[in-house]
Amino acid sequence: MLDAYAFIGVFFIAALVFPLVPLIAAWRLRPQRSTPIKRDTYECGLEVTGGTRVQFKVQYYMYALAFVIFDVEVVFLYPWAVAYGQLGLFALVAMSVFIIILVFGLVYEWKKGALEWA
Amino acid sequence: MTIEVKQLVRDLSIPSPGDITRPALAGERETMVLNMGPHHPSTHGVLRLVVELDGETVVNVAPDIGYLHTGIEKSMESKTYQKALVMTDRTDYLAPLSNNLSYVLAVEQLLGCTVPERATTVRVLLVELQRISSHLVWLGTHALDLAAMSVFLYGFREREQILDIFELVSGARMMTSYFRVGGLAYDVPPEFPAAVQALLAIMPERIDEYEALLTHNPIWLERTRGIGAIDTASAIALGVTGPALRATGFAWDLRRDMPYCGYETYEFAVPIARNGDIYDRYLVRVAEMRESVKICAQALDRLIALGPGPYVTSDRKIAPPPKSEITHSMESLIHHFKLWTEGFKPPRGDTLAAIESPRGELATYIVSDGSPKPYRVHFRAPSFVNLQALPHMARGHLVADLVALIASMDPVLGEVDR
Amino acid sequence: MNRTIVISQILVIEQAPGWLVAALNHAIIAGVLLIGGAITMMLQVWVERRLIARMQDRLGPNRVGPEGILQSIADGIKMFTKEDIIPRAADRWVHLLAPIVALAPIAMMLAVLPWGRGLVAVDLEVGVLYIAAVSSISGVGLMMAGWGSRNTFALLGAMRSIAQLIAYEIPLIIALLGIVLLTGGMSLARMPELQAGIPLFGSSIPGAPDLGLGWFIFTPVGLLGGIIFFICALAEGERTPFDIPEADSEIVAGYMTEYSGMKFAVFYIAQYLLNFALAVLSAVVFLGGWQGPGVAWLADAGLGAAASLLSLLWLLLKAWGLFMLMVVIRAAVPRLRVDQLMSFAWKYLLPLALVNVASAALWVGLTEWSSIEWGNLLPVDGLAPWQRIGVAALVTAVINLGATRWVLRINRAPAAAPVVVPA
């Protein structure tokens, strides 16, 4: 078991090296002739108007909130799913109640328009 | 002006870029300003749109044009009428023959010259082919802007065949300058009917093929239906013409309503739709392609029935004599010399010739001061006028819709900026 | 320390300390997987370009090497020589690190995938959770790219990609949950083993041959789950019709707008690798993984190595098939809009995925529980396993079909068909 995680650890280092190798190789190989014009921000060939650090629309965060709720739900569901085969009717009913509450939440969000992009 | 019309004009007024780039006032919602263009994949040339965004929703759009200004109208003033023709190819570079036709018709009106029927028939045939090829570019780029990339390549396959026909008749694929004052530059070659027939034979099923990919595609419907809709009254108030106007349910087509080149003798329908949204513009243009195929077929039949004959007016003051005459006719040589050194002199006056180009009403206005060069040439360019409806259509939609919207108006920036 | 010492340590492996041997072992396997991944990515690009060209009546790259197969290598060399441009306004380090943060987690997905019979790098007990956890880290890289570039298009692209990734992650994980219910474990390595036998009934009929076709996709739960999973995989992998974060016609190149040269290539690699990993994952979970006709037969005949090879071939065949399906979809359909994309995830896929979990729970109850576990409500003890599977298939098929129709109905927009009337 521990060996499995040791492998994941080694793989993590390897996975970090994986993008680094071409990046570093390219850094050594490529020409470096930067000019101020090249380093301009791309804005369709014009001077930048307005900043990018602006208030962003709240709708993105509504989705993020919905995501957090359902992601946490899934974390609860997985252990249940693994043990489910041995638990019997009680597990089915208990989890049904849990899911139904969440489904009500989804329906509420839906009806309130939190899932609309406007 | 009645109050309603005043209100309409105020509602439809076009914002300037400065309205959008000014900093937000205290208490105003902070919005993001996005420059779409001039260097952008889907502004179809060098259109610049200053877009005010709230998240991804378009609050306001200001088109900023002029990046492709080439001074075509002004340059034409310093060229003789024959030479100025070449400039017209370069305005709407997706439909050079339509521009040629509009200009040539205007000059012919000034001169009061008649055109042989063979030339008129070839003109109709080629202009309709041009309409198909222009609509194919529109269809391809429109689909490509919504990431349906295959339609683009299918459409360009057929467009290639149409350009081959243009090359066959004029030697050039795009900038043909094939129509001349008084007729055509040269007669069509013997291979011409067969080439057109080959194209017309495949075209209907090829159009079916594009439609199979798009017309009933649920994603395509979702992306285009109900987006950028405009009603007939606003469209007319904004001067919108062409497929965009017909998509609102108003059947107005100069080929039928103010016929030229004998269009009244051809059988064709003017397709319209109801809602004036992107999808309806799509339907109208696709249906127009089918109608153009019908017109082409009729024109080709007439051309074959006419048999060989003159392809340019016999008035030697307007059209040059054939080369064969020049070697043994003194008079012909003089005509030739006069035409190419001085040109012809239309009487003083002004004229307007309007045609239905693939994008809408294309009119050429010429003022003649009696000299061999036009005093003033002006194009009523459909792309330019249609573009001013864009802010009105785009508000409240998303950035992604804006892209589809530009494509559906099918602007050609060469024509907008001239 | 010089080179000879390292080599001697590998050669004289008994004298090296145990942890070092293990670490080297792991490193070699990791290296093989990652290099395999890099080669796969190059092949993917070539296959995609050639296949899409074929669909579009053109040739595609056909000059570099036979049939243009070396095109990706030529492109790679070009990338190495391209100048790297960091915009003045950019947040330098965030901008630089973004590609690494985007690629590394996706590469880590390769660690737990079972490649063939006995060909598993590591059998994690929590394989499914690991995949879900690791793959979502890569979204941070995209956000870093968009934010760090300080470019309007990049920021919009990053916002879009995050919204898309989180929206589709939920149905994706819940679709996997249905299969976890069926298998009773989260180990990815065990999933193909449980998909032996014949379609639908698996190994439950005594005496039936092991065709290696007991794939979950043949069960109603697996079918709906598989479809949801594949759609989510398209969205997570940013494939058309879900390639909205980098919609070139709208926001130029999305979060990659300010990237050039090798940094751009790293994003590109990440994307193709993610596509491939998701294709393999779909194959493993729903299409029987390395199971296929002949594998069990070879193994029974004592040809273990041959069976492993055949099983690897089966897996690659399925994964490439799924990847090609993605390419075909790209050539055929337009792109969705961002709001339609979000509502598709939350209003279509999420309810369906939840219903599918209920179906899976019922399936397990109907096929595995005794009457006591049913609280003596259902007298199911007398039936043979295959009969119980038949009943379960019927019940879940009805539920899933009904749910699909219901979800499609509640989401139907009022249709107004405009007609072209010749005037």
# chains A, B, ... in the order shown; residues from 1 in each chain; ligands from 1

$ interface_residues --of "chain B" --to "chain C" --cutoff "6 Å" --atoms "only C-alpha atoms" --output "count of residues only"
13

$ interface_residues --of "chain B" --to "chain A" --cutoff "7 Å" --atoms "only C-alpha atoms" --output "VMD selection string"
chain B and resid 21 30 32 to 33 35 to 40 54 to 55

$ select_by_dssp --residues "stretch 153-303 of chain B" --states "helix (DSSP H, G or I)" --output "number ranges by chain"
B: 153-170, 192-214, 218-224, 232-237, 243-246, 254-257, 263-265, 278-303

$ write_last_selection --atoms "C-alpha atoms" --output "PDB file, in the first residue's frame"
ATOM      1  CA  LEU B 153     -14.095  23.602 -46.694  1.00  0.00           C
ATOM      2  CA  TYR B 154     -17.079  22.158 -48.535  1.00  0.00           C
ATOM      3  CA  GLY B 155     -18.226  25.635 -49.490  1.00  0.00           C
ATOM      4  CA  PHE B 156     -14.792  26.659 -50.714  1.00  0.00           C
ATOM      5  CA  ARG B 157     -14.630  23.547 -52.876  1.00  0.00           C
ATOM      6  CA  GLU B 158     -17.597  24.771 -54.911  1.00  0.00           C
ATOM      7  CA  ARG B 159     -16.428  28.382 -54.809  1.00  0.00           C
ATOM      8  CA  GLU B 160     -13.193  27.188 -56.377  1.00  0.00           C
ATOM      9  CA  GLN B 161     -15.172  25.801 -59.282  1.00  0.00           C
ATOM     10  CA  ILE B 162     -16.976  29.137 -59.716  1.00  0.00           C
ATOM     11  CA  LEU B 163     -13.678  31.007 -59.627  1.00  0.00           C
ATOM     12  CA  ASP B 164     -12.423  28.625 -62.308  1.00  0.00           C
ATOM     13  CA  ILE B 165     -15.308  29.748 -64.492  1.00  0.00           C
ATOM     14  CA  PHE B 166     -14.357  33.389 -63.870  1.00  0.00           C
ATOM     15  CA  GLU B 167     -10.815  32.570 -64.804  1.00  0.00           C
ATOM     16  CA  LEU B 168     -12.080  30.894 -67.949  1.00  0.00           C
ATOM     17  CA  VAL B 169     -13.966  33.985 -69.126  1.00  0.00           C
ATOM     18  CA  SER B 170     -11.694  36.757 -67.899  1.00  0.00           C
ATOM     19  CA  PHE B 192     -17.972  28.213 -71.001  1.00  0.00           C
ATOM     20  CA  PRO B 193     -21.447  26.588 -71.296  1.00  0.00           C
ATOM     21  CA  ALA B 194     -20.090  23.144 -70.397  1.00  0.00           C
ATOM     22  CA  ALA B 195     -18.260  24.511 -67.345  1.00  0.00           C
ATOM     23  CA  VAL B 196     -21.367  26.311 -66.104  1.00  0.00           C
ATOM     24  CA  GLN B 197     -23.526  23.284 -66.755  1.00  0.00           C
ATOM     25  CA  ALA B 198     -21.162  21.088 -64.755  1.00  0.00           C
ATOM     26  CA  LEU B 199     -21.421  23.473 -61.835  1.00  0.00           C
ATOM     27  CA  LEU B 200     -25.186  23.871 -62.005  1.00  0.00           C
ATOM     28  CA  ALA B 201     -25.586  20.104 -62.134  1.00  0.00           C
ATOM     29  CA  ILE B 202     -23.827  19.553 -58.816  1.00  0.00           C
ATOM     30  CA  MET B 203     -24.864  22.732 -57.025  1.00  0.00           C
ATOM     31  CA  PRO B 204     -28.343  21.756 -55.746  1.00  0.00           C
ATOM     32  CA  GLU B 205     -27.091  18.581 -54.085  1.00  0.00           C
ATOM     33  CA  ARG B 206     -24.076  20.401 -52.684  1.00  0.00           C
ATOM     34  CA  ILE B 207     -26.392  22.958 -51.102  1.00  0.00           C
ATOM     35  CA  ASP B 208     -28.345  20.021 -49.653  1.00  0.00           C
ATOM     36  CA  GLU B 209     -25.053  18.830 -48.221  1.00  0.00           C
ATOM     37  CA  TYR B 210     -24.396  22.113 -46.397  1.00  0.00           C
ATOM     38  CA  GLU B 211     -27.950  22.167 -45.163  1.00  0.00           C
ATOM     39  CA  ALA B 212     -27.627  18.602 -43.900  1.00  0.00           C
ATOM     40  CA  LEU B 213     -24.794  19.782 -41.673  1.00  0.00           C
ATOM     41  CA  LEU B 214     -26.514  22.905 -40.381  1.00  0.00           C
ATOM     42  CA  PRO B 218     -29.668  21.400 -32.746  1.00  0.00           C
ATOM     43  CA  ILE B 219     -26.494  23.254 -31.784  1.00  0.00           C
ATOM     44  CA  TRP B 220     -26.719  25.425 -34.875  1.00  0.00           C
ATOM     45  CA  LEU B 221     -30.352  26.186 -34.083  1.00  0.00           C
ATOM     46  CA  GLU B 222     -29.498  27.022 -30.481  1.00  0.00           C
ATOM     47  CA  ARG B 223     -26.729  29.316 -31.596  1.00  0.00           C
ATOM     48  CA  THR B 224     -28.628  31.196 -34.282  1.00  0.00           C
ATOM     49  CA  THR B 232     -38.773  45.313 -40.452  1.00  0.00           C
ATOM     50  CA  ALA B 233     -39.380  48.876 -39.252  1.00  0.00           C
ATOM     51  CA  SER B 234     -35.994  49.159 -37.520  1.00  0.00           C
ATOM     52  CA  ALA B 235     -34.283  47.470 -40.440  1.00  0.00           C
ATOM     53  CA  ILE B 236     -35.735  49.983 -42.868  1.00  0.00           C
ATOM     54  CA  ALA B 237     -34.981  52.882 -40.515  1.00  0.00           C
ATOM     55  CA  PRO B 243     -30.857  39.160 -47.139  1.00  0.00           C
ATOM     56  CA  ALA B 244     -30.878  40.819 -43.708  1.00  0.00           C
ATOM     57  CA  LEU B 245     -33.945  42.852 -44.661  1.00  0.00           C
ATOM     58  CA  ARG B 246     -35.675  39.960 -46.380  1.00  0.00           C
ATOM     59  CA  LEU B 254     -34.198  45.093 -56.653  1.00  0.00           C
ATOM     60  CA  ARG B 255     -33.997  42.301 -59.176  1.00  0.00           C
ATOM     61  CA  ARG B 256     -37.752  41.973 -58.894  1.00  0.00           C
ATOM     62  CA  ASP B 257     -38.847  45.394 -57.717  1.00  0.00           C
ATOM     63  CA  TYR B 263     -34.279  40.363 -64.647  1.00  0.00           C
ATOM     64  CA  GLU B 264     -38.032  40.780 -65.049  1.00  0.00           C
ATOM     65  CA  THR B 265     -37.916  38.158 -67.791  1.00  0.00           C
ATOM     66  CA  ILE B 278     -29.365  34.989 -37.547  1.00  0.00           C
ATOM     67  CA  TYR B 279     -31.020  31.722 -38.430  1.00  0.00           C
ATOM     68  CA  ASP B 280     -33.471  33.437 -40.764  1.00  0.00           C
ATOM     69  CA  ARG B 281     -30.678  35.255 -42.533  1.00  0.00           C
ATOM     70  CA  TYR B 282     -29.045  31.890 -42.971  1.00  0.00           C
ATOM     71  CA  LEU B 283     -32.217  30.388 -44.431  1.00  0.00           C
ATOM     72  CA  VAL B 284     -32.739  33.305 -46.757  1.00  0.00           C
ATOM     73  CA  ARG B 285     -29.214  33.197 -48.134  1.00  0.00           C
ATOM     74  CA  VAL B 286     -29.278  29.453 -48.647  1.00  0.00           C
ATOM     75  CA  ALA B 287     -32.613  29.743 -50.449  1.00  0.00           C
ATOM     76  CA  GLU B 288     -31.144  32.565 -52.529  1.00  0.00           C
ATOM     77  CA  MET B 289     -28.335  30.319 -53.654  1.00  0.00           C
ATOM     78  CA  ARG B 290     -30.910  27.863 -54.951  1.00  0.00           C
ATOM     79  CA  GLU B 291     -32.762  30.647 -56.762  1.00  0.00           C
ATOM     80  CA  SER B 292     -29.501  31.849 -58.287  1.00  0.00           C
ATOM     81  CA  VAL B 293     -28.878  28.386 -59.635  1.00  0.00           C
ATOM     82  CA  LYS B 294     -32.271  28.570 -61.355  1.00  0.00           C
ATOM     83  CA  ILE B 295     -31.506  31.992 -62.835  1.00  0.00           C
ATOM     84  CA  CYS B 296     -28.129  30.765 -64.064  1.00  0.00           C
ATOM     85  CA  ALA B 297     -29.752  27.807 -65.775  1.00  0.00           C
ATOM     86  CA  GLN B 298     -32.256  30.066 -67.529  1.00  0.00           C
ATOM     87  CA  ALA B 299     -29.535  32.500 -68.564  1.00  0.00           C
ATOM     88  CA  LEU B 300     -27.390  29.693 -69.902  1.00  0.00           C
ATOM     89  CA  ASP B 301     -30.285  28.344 -71.979  1.00  0.00           C
ATOM     90  CA  ARG B 302     -30.828  31.798 -73.432  1.00  0.00           C
ATOM     91  CA  LEU B 303     -27.159  32.224 -74.171  1.00  0.00           C
TER      92      LEU B 303
END

$ residues_around --residues "stretch 75-89 of chain A" --least-positions-apart "4" --cutoff "9 Å" --atoms "only C-alpha atoms" --output "PyMOL selection string"
(chain A and resi 70-71+93-95) or (chain C and resi 129+174+177-178+180-186+361+364-365+368-370+372-375)

$ residues_around --residues "A:Phe67" --least-positions-apart "4" --cutoff "8 Å" --atoms "only C-alpha atoms" --output "VMD selection string"
(chain A and resid 63 71) or (chain C and resid 166 to 167 170)

$ atom_distance --atom1 "atom CA of B:Thr313" --atom2 "atom CA of B:Met76"
23.4 Å

$ select_by_dssp --residues "stretch 291-395 of chain B" --states "strand (DSSP E or B)" --output "ChimeraX atom specification"
/B:312,349-357,360-368,376-380

$ write_last_selection --atoms "C-alpha atoms" --output "JSON list (two decimals), in the first residue's frame"
[["chain", "number", "residue", "atom", "x", "y", "z"],
["B", 312, "VAL", "CA", -20.16, 44.63, -76.88],
["B", 349, "GLY", "CA", -25.16, 65.26, -65.37],
["B", 350, "ASP", "CA", -25.43, 62.68, -62.66],
["B", 351, "THR", "CA", -26.87, 59.24, -62.44],
["B", 352, "LEU", "CA", -27.51, 56.44, -60.00],
["B", 353, "ALA", "CA", -27.59, 52.75, -60.87],
["B", 354, "ALA", "CA", -28.70, 50.34, -58.16],
["B", 355, "ILE", "CA", -28.42, 46.59, -58.25],
["B", 356, "GLU", "CA", -29.04, 43.81, -55.79],
["B", 357, "SER", "CA", -25.56, 42.70, -54.81],
["B", 360, "GLY", "CA", -27.93, 44.17, -50.45],
["B", 361, "GLU", "CA", -28.55, 47.30, -52.48],
["B", 362, "LEU", "CA", -25.39, 48.38, -54.18],
["B", 363, "ALA", "CA", -25.76, 51.69, -55.96],
["B", 364, "THR", "CA", -23.20, 53.69, -57.90],
["B", 365, "TYR", "CA", -23.68, 57.42, -58.09],
["B", 366, "ILE", "CA", -21.65, 59.24, -60.71],
["B", 367, "VAL", "CA", -21.44, 62.95, -61.39],
["B", 368, "SER", "CA", -20.12, 63.82, -64.81],
["B", 376, "ARG", "CA", -17.38, 62.26, -58.35],
["B", 377, "VAL", "CA", -18.12, 58.58, -57.80],
["B", 378, "HIS", "CA", -19.92, 57.32, -54.73],
["B", 379, "PHE", "CA", -21.00, 53.85, -53.79],
["B", 380, "ARG", "CA", -24.02, 53.18, -51.68]]

$ closest_residue --among "A:Gly105, A:Ala15, A:Ile69, A:Ile37" --to "chain C" --atoms "only C-alpha atoms"
A:Ala15

$ residues_around --residues "B:Val385" --least-positions-apart "5" --cutoff "9 Å" --atoms "only C-alpha atoms" --output "short mmCIF file (atom, residue, chain, number, x, y, z; two decimals) with N, CA and C atoms, in the first residue's frame"
data_model
loop_
_atom_site.label_atom_id
_atom_site.label_comp_id
_atom_site.auth_asym_id
_atom_site.auth_seq_id
_atom_site.Cartn_x
_atom_site.Cartn_y
_atom_site.Cartn_z
N LEU B 238 -32.83 51.79 -40.36
CA LEU B 238 -31.37 51.74 -40.36
C LEU B 238 -30.81 51.53 -41.76
N GLY B 239 -31.66 51.43 -42.74
CA GLY B 239 -31.18 51.28 -44.10
C GLY B 239 -30.69 49.89 -44.43
N VAL B 240 -31.07 48.91 -43.63
CA VAL B 240 -30.62 47.54 -43.89
C VAL B 240 -31.28 47.03 -45.15
N THR B 241 -30.48 46.43 -46.03
CA THR B 241 -31.04 45.86 -47.26
C THR B 241 -30.49 44.46 -47.46
N ARG B 380 -23.14 53.44 -52.80
CA ARG B 380 -24.02 53.18 -51.68
C ARG B 380 -23.73 51.71 -51.33
N VAL B 416 -16.90 48.52 -46.93
CA VAL B 416 -17.27 49.44 -45.86
C VAL B 416 -16.40 50.69 -45.92
#
